[in-house]
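These notes are about the structure you will find just below.
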Amino acid sequence: MPTLRHIAITVVEDTQGAYRWRLIELDEAGWRVLREQPRPVRSYKAAMAAGLLQLQGMIDDLDVGPVEEEAEATPGAKKGPSFGFGFGLPALD
């Protein structure tokens, strides 16, 4: 059975009204930043939605979740441009 990775999305406010997402992962040493949004956006909602899209893009099969890299992908994996976390896509500022 593949091991799930412990990945979280957080949104930081660089300056007032300037938000960006970060994907962080928990490992033996603690939390580390995997990826972060290069440029801020104007709303928390837009940053969170963009972060969820990034996380979704890292997952080969959304029914299984993010698994350790050494695990093989499941045949017929669901990967693509669809947004499967239940949030509507916001208009990015």
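Residues in the structure tokens are numbered from 1 in each chain, the chains being A, B, ... in the order shown, and ligands are numbered from 1 in the order shown.
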
| Nearby residues (only C-alpha atoms) at most 12 Å from segment 29-34 of chain A, same-chain spacing under 4 positions excluded, as a PyMOL selection string | chain A and resi 5-10+21-25+51+54-55+58

| message | Report as number ranges by chain all protein, DNA and RNA residues lying within 8 Å of Val11 of chain A, evaluated on only C-alpha atoms, omitting residues in the same chain fewer than 3 positions from it. | response | A: 19-22, 44, 47-48

Output file for the selection above: N, CA and C atoms, as a PDB file, in the first residue's frame:
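Result written to result_17.pdb:
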ATOM      1  N   TYR A  19      -1.722  38.277  -1.456  1.00  0.00           N
ATOM      2  CA  TYR A  19      -1.726  36.909  -0.953  1.00  0.00           C
ATOM      3  C   TYR A  19      -1.014  35.954  -1.902  1.00  0.00           C
ATOM      4  N   ARG A  20      -0.387  34.937  -1.337  1.00  0.00           N
ATOM      5  CA  ARG A  20       0.208  33.885  -2.159  1.00  0.00           C
ATOM      6  C   ARG A  20       0.085  32.556  -1.414  1.00  0.00           C
ATOM      7  N   TRP A  21      -0.054  31.473  -2.199  1.00  0.00           N
ATOM      8  CA  TRP A  21      -0.157  30.129  -1.617  1.00  0.00           C
ATOM      9  C   TRP A  21       1.228  29.540  -1.423  1.00  0.00           C
ATOM     10  N   ARG A  22       1.299  28.592  -0.503  1.00  0.00           N
ATOM     11  CA  ARG A  22       2.491  27.765  -0.320  1.00  0.00           C
ATOM     12  C   ARG A  22       2.037  26.337  -0.104  1.00  0.00           C
ATOM     13  N   TYR A  44      -7.455  36.216  -0.756  1.00  0.00           N
ATOM     14  CA  TYR A  44      -7.164  34.926  -0.125  1.00  0.00           C
ATOM     15  C   TYR A  44      -7.786  33.806  -0.952  1.00  0.00           C
ATOM     16  N   ALA A  47      -5.787  32.988  -4.052  1.00  0.00           N
ATOM     17  CA  ALA A  47      -4.547  32.301  -3.702  1.00  0.00           C
ATOM     18  C   ALA A  47      -4.825  30.852  -3.291  1.00  0.00           C
ATOM     19  N   MET A  48      -5.852  30.626  -2.481  1.00  0.00           N
ATOM     20  CA  MET A  48      -6.179  29.266  -2.042  1.00  0.00           C
ATOM     21  C   MET A  48      -6.590  28.396  -3.224  1.00  0.00           C
TER      22      MET A  48
END

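Distance check against Pro38 of chain A using only C-alpha atoms: of A:Gly57, A:Ala18, A:Leu52, A:Glu68, the minimum falls on A:Ala18.
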
| d(atom CA of Leu4 of chain A, atom CA of Gly65 of chain A) in Å | 6.8 Å

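Each of A:Asp60, A:Leu26, A:Gly17, A:Pro66 was compared to Ala46 of chain A using only C-alpha atoms, and A:Gly17 turns out to be the nearest.
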